[in-house]
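Undergrad: The structure file work-v7.csv (CSV, C-alpha atoms and all ligand atoms) is provided below.
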chain,number,residue,atom,x,y,z
A,1165,MET,CA,-19.4,-2.2,8.9
A,1166,LEU,CA,-16.6,-4.7,9.5
A,1167,LEU,CA,-14.9,-5.9,6.4
A,1168,LEU,CA,-11.7,-7.7,7.5
A,1169,GLU,CA,-11.0,-9.3,10.8
A,1170,THR,CA,-7.9,-11.3,11.8
A,1171,LYS,CA,-7.8,-13.1,15.1
A,1172,ASN,CA,-4.7,-14.4,16.7
A,1173,LEU,CA,-3.0,-14.4,13.2
A,1174,SER,CA,0.5,-15.9,13.3
A,1175,LYS,CA,3.0,-16.9,10.7
A,1176,HIS,CA,6.2,-18.6,11.8
A,1177,PHE,CA,9.2,-19.5,9.7
A,1178,GLY,CA,10.9,-22.2,11.7
A,1179,GLY,CA,11.6,-20.5,15.0
A,1180,LEU,CA,11.1,-17.0,13.6
A,1181,LYS,CA,7.7,-15.5,14.6
A,1182,ALA,CA,7.3,-13.2,11.7
A,1183,VAL,CA,3.7,-12.4,12.6
A,1184,GLU,CA,2.5,-13.3,16.1
A,1185,ALA,CA,-1.1,-13.3,17.3
A,1186,VAL,CA,-2.2,-10.2,15.5
A,1187,ASP,CA,-5.8,-9.1,15.9
A,1188,MET,CA,-6.8,-6.6,13.3
A,1189,ARG,CA,-10.1,-5.1,12.2
A,1190,VAL,CA,-10.8,-3.0,9.2
A,1191,GLU,CA,-14.1,-1.3,8.6
A,1192,ARG,CA,-15.6,-0.3,5.2
A,1193,GLU,CA,-14.2,2.9,3.7
A,1194,ARG,CA,-11.4,3.2,6.3
A,1195,ILE,CA,-7.7,3.8,5.8
A,1196,VAL,CA,-5.7,1.7,8.3
A,1197,SER,CA,-1.9,2.0,8.3
A,1198,VAL,CA,0.5,-0.6,9.4
A,1199,ILE,CA,3.9,0.7,10.5
A,1200,GLY,CA,6.9,-0.8,12.2
A,1201,PRO,CA,10.6,-1.3,11.6
A,1202,ASN,CA,12.0,-3.4,8.7
A,1203,GLY,CA,11.4,-7.1,9.4
A,1204,ALA,CA,8.4,-6.3,11.7
A,1205,GLY,CA,6.2,-8.7,9.7
A,1206,LYS,CA,4.2,-6.1,7.7
A,1207,THR,CA,4.5,-7.7,4.3
A,1208,THR,CA,4.1,-11.2,5.9
A,1209,PHE,CA,0.8,-10.0,7.3
A,1210,PHE,CA,-0.3,-9.0,3.7
A,1211,ASN,CA,0.9,-12.4,2.4
A,1212,CYS,CA,-1.3,-14.2,4.9
A,1213,VAL,CA,-4.3,-12.0,4.2
A,1214,THR,CA,-3.9,-12.5,0.4
A,1215,GLY,CA,-3.4,-16.3,0.6
A,1216,ILE,CA,0.2,-16.3,-0.5
A,1217,TYR,CA,1.2,-17.8,2.9
A,1218,GLN,CA,-0.8,-20.2,5.0
A,1219,PRO,CA,-1.0,-18.8,8.5
A,1220,THR,CA,0.6,-20.9,11.2
A,1221,GLN,CA,-2.4,-20.2,13.4
A,1222,GLY,CA,-5.3,-17.8,13.7
A,1223,THR,CA,-8.2,-16.9,11.4
A,1224,ILE,CA,-8.9,-14.3,8.7
A,1225,ARG,CA,-12.5,-13.3,8.0
A,1226,PHE,CA,-13.5,-11.1,5.1
A,1227,GLN,CA,-17.1,-9.9,4.7
A,1228,ASP,CA,-18.4,-12.5,7.1
A,1229,ARG,CA,-16.6,-15.4,5.4
A,1230,ASP,CA,-13.7,-17.4,6.8
A,1231,VAL,CA,-11.0,-17.0,4.1
A,1232,THR,CA,-8.2,-18.6,6.1
A,1233,GLY,CA,-6.0,-20.7,3.9
A,1234,MET,CA,-7.9,-19.9,0.7
A,1235,ALA,CA,-6.0,-19.7,-2.6
A,1236,PRO,CA,-4.8,-16.2,-3.7
A,1237,HIS,CA,-7.0,-16.1,-6.9
A,1238,ASP,CA,-10.1,-17.0,-4.8
A,1239,ILE,CA,-9.3,-14.2,-2.3
A,1240,THR,CA,-8.8,-11.8,-5.2
A,1241,ALA,CA,-12.2,-12.8,-6.6
A,1242,LEU,CA,-13.8,-12.2,-3.2
A,1243,GLY,CA,-12.6,-8.6,-3.4
A,1244,ILE,CA,-9.1,-8.2,-1.8
A,1245,ALA,CA,-6.4,-6.7,-4.0
A,1246,ARG,CA,-2.8,-5.7,-3.3
A,1247,THR,CA,0.3,-4.0,-4.6
A,1248,PHE,CA,3.8,-5.3,-4.0
A,1249,GLN,CA,6.7,-3.7,-2.2
A,1250,ASN,CA,8.8,-4.5,-5.2
A,1251,ILE,CA,6.9,-3.4,-8.3
A,1252,ARG,CA,5.5,-6.3,-10.3
A,1253,LEU,CA,4.3,-5.1,-13.7
A,1254,PHE,CA,4.4,-6.7,-17.1
A,1255,GLY,CA,7.2,-4.3,-18.2
A,1256,GLY,CA,7.0,-5.0,-21.9
A,1257,MET,CA,3.2,-4.4,-22.0
A,1258,THR,CA,1.3,-1.1,-22.2
A,1259,CYS,CA,-0.4,0.5,-19.2
A,1260,ARG,CA,-3.8,-0.5,-20.6
A,1261,GLU,CA,-2.8,-4.1,-21.2
A,1262,ASN,CA,-1.4,-4.3,-17.6
A,1263,VAL,CA,-4.8,-3.2,-16.2
A,1264,MET,CA,-6.8,-5.5,-18.6
A,1265,ILE,CA,-4.9,-8.6,-17.5
A,1266,ALA,CA,-5.7,-7.9,-13.9
A,1267,ALA,CA,-9.4,-7.4,-14.8
A,1268,HIS,CA,-9.6,-10.8,-16.4
A,1269,CYS,CA,-10.6,-12.3,-13.0
A,1270,ARG,CA,-13.9,-10.3,-13.4
A,1271,THR,CA,-14.9,-11.6,-16.9
A,1272,LYS,CA,-17.1,-14.5,-17.3
A,1273,ALA,CA,-15.0,-16.0,-20.0
A,1274,GLY,CA,-11.7,-15.7,-18.0
A,1275,VAL,CA,-8.3,-16.0,-19.5
A,1276,PHE,CA,-8.8,-19.4,-21.1
A,1277,GLY,CA,-12.1,-18.4,-22.7
A,1278,ALA,CA,-10.3,-15.3,-24.1
A,1279,LEU,CA,-8.1,-17.6,-26.1
A,1280,ALA,CA,-11.1,-19.1,-27.9
A,1281,ARG,CA,-12.3,-15.6,-28.9
A,1282,THR,CA,-16.1,-16.2,-29.1
A,1283,SER,CA,-18.3,-13.2,-29.7
A,1284,ARG,CA,-19.1,-12.9,-26.0
A,1285,VAL,CA,-15.4,-12.7,-25.4
A,1286,ARG,CA,-15.0,-10.0,-28.0
A,1287,ASN,CA,-17.8,-8.0,-26.3
A,1288,GLU,CA,-16.3,-8.5,-22.9
A,1289,GLU,CA,-12.9,-7.4,-24.3
A,1290,ARG,CA,-14.3,-4.2,-25.7
A,1291,ASP,CA,-15.9,-3.5,-22.3
A,1292,MET,CA,-12.6,-4.3,-20.6
A,1293,VAL,CA,-10.8,-1.8,-22.8
A,1294,TYR,CA,-13.2,0.9,-21.7
A,1295,ARG,CA,-13.0,-0.1,-18.1
A,1296,ALA,CA,-9.2,-0.2,-18.2
A,1297,VAL,CA,-9.1,3.3,-19.7
A,1298,ASP,CA,-11.6,4.5,-16.9
A,1299,ILE,CA,-9.3,3.1,-14.2
A,1300,LEU,CA,-6.2,4.7,-15.8
A,1301,ARG,CA,-8.0,8.0,-15.9
A,1302,PHE,CA,-9.0,7.6,-12.3
A,1303,VAL,CA,-5.3,7.2,-11.2
A,1304,GLY,CA,-4.2,9.9,-13.6
A,1305,LEU,CA,-2.5,7.8,-16.2
A,1306,ASP,CA,-5.0,8.0,-19.1
A,1307,GLU,CA,-2.6,10.0,-21.3
A,1308,LYS,CA,0.0,7.1,-20.9
A,1309,GLN,CA,-2.4,4.2,-21.7
A,1310,GLU,CA,-0.4,3.2,-24.8
A,1311,GLY,CA,2.9,3.7,-23.0
A,1312,ILE,CA,5.1,0.7,-22.2
A,1313,ALA,CA,5.1,0.1,-18.5
A,1314,ALA,CA,8.9,-0.2,-18.1
A,1315,ASN,CA,9.3,3.3,-19.6
A,1316,LEU,CA,7.2,5.0,-17.0
A,1317,SER,CA,8.7,7.0,-14.2
A,1318,TYR,CA,9.0,5.2,-10.8
A,1319,GLY,CA,6.0,7.1,-9.4
A,1320,ASP,CA,3.9,6.3,-12.5
A,1321,GLN,CA,4.8,2.6,-12.2
A,1322,ARG,CA,3.5,2.7,-8.6
A,1323,ARG,CA,0.3,4.3,-9.8
A,1324,LEU,CA,0.0,1.7,-12.5
A,1325,GLU,CA,0.3,-1.0,-9.9
A,1326,ILE,CA,-2.6,0.6,-8.0
A,1327,ALA,CA,-4.6,0.7,-11.3
A,1328,ARG,CA,-3.9,-3.0,-11.8
A,1329,ALA,CA,-5.2,-3.8,-8.3
A,1330,LEU,CA,-8.3,-1.6,-8.9
A,1331,GLY,CA,-8.9,-3.6,-12.1
A,1332,THR,CA,-9.9,-6.6,-10.0
A,1333,GLU,CA,-12.7,-4.4,-8.4
A,1334,PRO,CA,-11.7,-4.8,-4.8
A,1335,HIS,CA,-13.5,-3.9,-1.6
A,1336,LEU,CA,-10.2,-3.9,0.3
A,1337,LEU,CA,-6.9,-2.7,-1.2
A,1338,LEU,CA,-3.6,-3.6,0.4
A,1339,LEU,CA,-0.8,-1.2,-0.5
A,1340,ASP,CA,2.8,-2.2,0.4
A,1341,GLU,CA,5.0,0.9,0.7
A,1342,PRO,CA,3.4,2.7,-2.3
A,1343,ALA,CA,5.3,6.0,-1.7
A,1344,ALA,CA,8.8,4.3,-1.7
A,1345,GLY,CA,11.0,6.1,-4.2
A,1346,MET,CA,8.5,8.8,-4.9
A,1347,ASN,CA,9.4,12.5,-4.9
A,1348,PRO,CA,7.4,14.9,-2.7
A,1349,LEU,CA,5.0,15.9,-5.5
A,1350,GLU,CA,4.4,12.2,-6.5
A,1351,THR,CA,3.8,11.5,-2.8
A,1352,GLN,CA,1.2,14.3,-2.5
A,1353,LEU,CA,-0.6,13.0,-5.6
A,1354,LEU,CA,-0.5,9.5,-4.1
A,1355,MET,CA,-2.1,10.7,-0.9
A,1356,ASP,CA,-4.9,12.3,-2.9
A,1357,LEU,CA,-5.4,9.1,-4.9
A,1358,ILE,CA,-5.6,6.9,-1.8
A,1359,ARG,CA,-8.2,9.2,-0.3
A,1360,LYS,CA,-10.1,9.2,-3.6
A,1361,ILE,CA,-10.1,5.4,-3.7
A,1362,ARG,CA,-11.4,5.3,-0.1
A,1363,ASP,CA,-14.1,7.8,-1.1
A,1364,ASN,CA,-15.2,5.4,-3.8
A,1365,GLY,CA,-16.0,2.8,-1.2
A,1366,VAL,CA,-12.8,0.8,-0.9
A,1367,ALA,CA,-11.1,0.2,2.4
A,1368,ILE,CA,-7.3,0.4,2.5
A,1369,ILE,CA,-4.6,-1.1,4.5
A,1370,LEU,CA,-1.4,0.9,4.0
A,1371,ILE,CA,2.1,-0.2,4.8
A,1372,GLU,CA,4.2,2.9,4.7
A,1373,HIS,CA,7.4,4.3,6.1
A,1374,ASP,CA,6.7,8.0,5.2
A,1375,MET,CA,5.2,9.3,8.4
A,1376,LYS,CA,3.8,12.4,6.7
A,1377,VAL,CA,1.7,10.0,4.5
A,1378,VAL,CA,0.7,7.8,7.5
A,1379,MET,CA,-0.2,10.6,9.8
A,1380,GLY,CA,-1.9,12.6,7.0
A,1381,ILE,CA,-4.4,10.0,5.7
A,1382,SER,CA,-4.9,7.3,8.3
A,1383,ASP,CA,-8.1,6.8,10.2
A,1384,ARG,CA,-6.2,4.4,12.4
A,1385,VAL,CA,-2.6,3.2,12.8
A,1386,VAL,CA,-1.4,-0.3,13.8
A,1387,VAL,CA,2.2,-0.7,15.0
A,1388,LEU,CA,4.0,-4.0,14.6
A,1389,ASP,CA,7.3,-4.9,16.2
A,1390,HIS,CA,8.9,-8.3,15.9
A,1391,GLY,CA,5.6,-9.6,14.5
A,1392,VAL,CA,3.6,-8.4,17.5
A,1393,LYS,CA,1.0,-5.6,17.5
A,1394,ILE,CA,2.5,-3.2,20.1
A,1395,ALA,CA,0.1,-0.3,19.6
A,1396,GLU,CA,-3.1,0.8,17.8
A,1397,GLY,CA,-4.9,4.1,17.6
A,1398,HIS,CA,-5.5,7.4,16.1
A,1399,PRO,CA,-2.5,8.9,14.3
A,1400,ARG,CA,-2.2,11.5,17.1
A,1401,GLU,CA,-2.1,8.8,19.8
A,1402,ILE,CA,0.5,6.8,18.0
A,1403,ARG,CA,2.8,9.7,17.5
A,1404,GLU,CA,2.9,10.2,21.3
A,1405,ASP,CA,3.1,6.5,22.3
A,1406,THR,CA,6.4,5.8,24.0
A,1407,ALA,CA,6.5,2.1,23.0
A,1408,VAL,CA,6.1,3.1,19.4
A,1409,ILE,CA,8.8,5.8,19.7
A,1410,GLU,CA,11.2,3.3,21.1
A,1411,ALA,CA,10.4,0.5,18.6
A,1412,TYR,CA,10.1,2.6,15.5
A,1413,LEU,CA,11.5,6.0,16.0
A,1414,GLY,CA,14.4,5.0,18.2
A,1415,LYS,CA,18.0,6.1,17.5
A,1416,ASP,CA,19.1,2.8,16.1
A,1417,HIS,CA,16.4,2.8,13.4
A,1418,PRO,CA,17.6,3.2,9.9
A,1419,HIS,CA,14.8,5.6,9.0
A,1420,HIS,CA,16.0,8.1,11.6
B,1501,LIG,N1,9.4,-16.7,3.1
B,1501,LIG,C1,10.1,-16.4,4.2
B,1501,LIG,N2,10.9,-17.3,4.7
B,1501,LIG,C2,11.6,-17.1,5.9
B,1501,LIG,N3,11.6,-15.9,6.5
B,1501,LIG,C3,10.8,-14.9,6.0
B,1501,LIG,C4,10.0,-15.1,4.8
B,1501,LIG,N4,9.3,-14.0,4.6
B,1501,LIG,C5,9.7,-13.1,5.5
B,1501,LIG,N5,10.5,-13.7,6.4
B,1501,LIG,C6,11.1,-13.0,7.6
B,1501,LIG,O1,10.0,-12.6,8.4
B,1501,LIG,C7,10.3,-11.4,9.0
B,1501,LIG,C8,9.3,-10.3,8.6
B,1501,LIG,O2,9.5,-10.0,7.3
B,1501,LIG,P1,8.6,-9.0,6.5
B,1501,LIG,O3,7.2,-9.4,6.7
B,1501,LIG,O4,9.1,-8.9,5.1
B,1501,LIG,O5,8.8,-7.6,7.3
B,1501,LIG,P2,8.5,-6.1,6.9
B,1501,LIG,O6,7.6,-6.1,5.7
B,1501,LIG,O7,7.8,-5.5,8.1
B,1501,LIG,O8,9.8,-5.4,6.7
B,1501,LIG,C9,11.7,-11.0,8.6
B,1501,LIG,O9,12.6,-11.5,9.6
B,1501,LIG,C10,11.9,-11.8,7.3
B,1501,LIG,O10,13.3,-12.1,7.1
B,1502,MG,MG,7.8,-5.3,3.8
Please express what this file holds, its structure, as structure tokens.
TA:
Amino acid sequence: MLLLETKNLSKHFGGLKAVEAVDMRVERERIVSVIGPNGAGKTTFFNCVTGIYQPTQGTIRFQDRDVTGMAPHDITALGIARTFQNIRLFGGMTCRENVMIAAHCRTKAGVFGALARTSRVRNEERDMVYRAVDILRFVGLDEKQEGIAANLSYGDQRRLEIARALGTEPHLLLLDEPAAGMNPLETQLLMDLIRKIRDNGVAIILIEHDMKVVMGISDRVVVLDHGVKIAEGHPREIREDTAVIEAYLGKDHPHH
């Protein structure tokens, strides 16, 4: 079943076509990777889908609803969550608090009601603690739930970012370079976690430079170059695509 569909999606910054006429489809419980050189428009694509940027043209449909131009918190509430290329955690707070803040968009009282502390709010808060702990267990951070986020290893901070995103109960999760800075063991654990999230019914769009990760877990790979989709297919097809090799794996590319 189709979950996300962009048609002719473009984002221009002045004369720069950061994203240009991108058609993308993501079905339920699929892992779709977006690859391409630095500056190809991958993060800008995420920023359009999550409502941070207004697209210059094109449409974004999510679960049969036109979400083009909707505000970020409304898009989150509909079920799209993301992590950021540069980690964005509340560094001074515990892991559990970080997940609970994200989960506030799912409570009836919301953040403002929480300030009034009615009995319903207290019950909701207790449930949120349990749920936050469940999510931390799911990503393998339950033993660090009381730990301060800033003190976590880099790999654990990236896992906590994913836990925060899961706290909003998404149907679609956008991961922006989640393996960046991870060691090989952390990367392996991350791949297992991404598969486990998918197996729990969440579709994933993954921006990632680590080709072992991309080729290992993707159902489909989309290649962007200068904002344009230049290829799409099964990991095996993408590995052999000459346009991809030239754009992405060429000798001038900093990753090779
Ligand atoms: N807010 C912005 N204002 C102007 N240019 C931007 C902005 N965001 C991104 N860009 C430009 O858009 C292009 C694509 O950037 P980005 O989406 O971050 O690429 P990627 O994530 O693939 O490395 C780059 O040339 C970048 O400099
Ligand atoms: Mg980026």
Undergrad: Measuring atom to atom with only C-alpha atoms and all ligand atoms, identify which of A:Leu1168, A:Ala1411, A:Leu1242, A:Ala1204 is nearest to ligand MG 1502 (chain B).
TA: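 The closest residue to ligand MG 1502 (chain B) is A:Ala1204.
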Undergrad: Please give me, as a list in words, the residues lying within 6 Å of ligand LIG 1501 (chain B) when counting all atoms listed in the file.
TA: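 Every residue with an atom at most 6 Å from ligand LIG 1501 (chain B) is listed here: Phe1177, Ala1182, Asn1202, Gly1203, Ala1204, Gly1205, Lys1206, Thr1207 and Thr1208 of chain A.
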Undergrad: Which of these, A:His1373, A:Lys1360, A:Arg1229, A:Lys1308, has the shortest distance to ligand MG 1502 (chain B) once you count all atoms listed in the file?
TA: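 Nearest to ligand MG 1502 (chain B): A:His1373.
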Undergrad: Which polymer residues have any atom within 6 Å of an atom of range 1320-1328 of chain A, counting only C-alpha atoms, with same-chain residues fewer than 4 positions away left out, as an NGL selection string?
TA: :A and (1263 or 1266 or 1316)
Undergrad: Grab the CA of Glu1410 in chain A to CA of Arg1384 in chain A distance for me, in Å with one decimal place.
TA: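 Interatomic distance, CA of Glu1410 in chain A to CA of Arg1384 in chain A: 19.5 Å.
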Undergrad: Report as JSON, numbers by chain all protein, DNA and RNA residues lying within 12 Å of Val1297 in chain A, evaluated on all atoms listed in the file, omitting residues in the same chain fewer than 5 positions from it.
TA: {"A": [1258, 1259, 1260, 1261, 1262, 1263, 1264, 1267, 1290, 1291, 1292, 1302, 1303, 1304, 1305, 1306, 1307, 1308, 1309, 1310, 1324, 1327, 1328, 1330, 1331]}
Undergrad: Calculated over all atoms listed in the file, which of the candidates A:Glu1404, A:Asp1228, A:Glu1341, A:Glu1184 has the smallest distance to Glu1169 in chain A?
TA: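 Closest to Glu1169 in chain A of all the choices is A:Asp1228.
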Undergrad: Report, in Å with one decimal, the straight-line distance from CA of Gly1233 in chain A to CA of Gly1215 in chain A.
TA: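 Computing the Euclidean distance for CA of Gly1233 in chain A and CA of Gly1215 in chain A yields 6.1 Å.
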Undergrad: Rounded to one decimal in Å, what is the spacing between CA of Thr1170 in chain A and CA of Gln1227 in chain A?
TA: 11.7 Å
Undergrad: What's the 10 Å shell around Ile1402 in chain A, counting all atoms listed in the file, without same-chain residues fewer than 3 positions away, as a ChimeraX atom specification?
TA: /A:1379,1384-1387,1395-1399,1405-1409
Undergrad: For ligand MG 1502 (chain B), which of A:Asp1340, A:Asp1374, A:Asp1363, A:Asp1298 is the closest residue, counting all atoms listed in the file?
TA: A:Asp1340
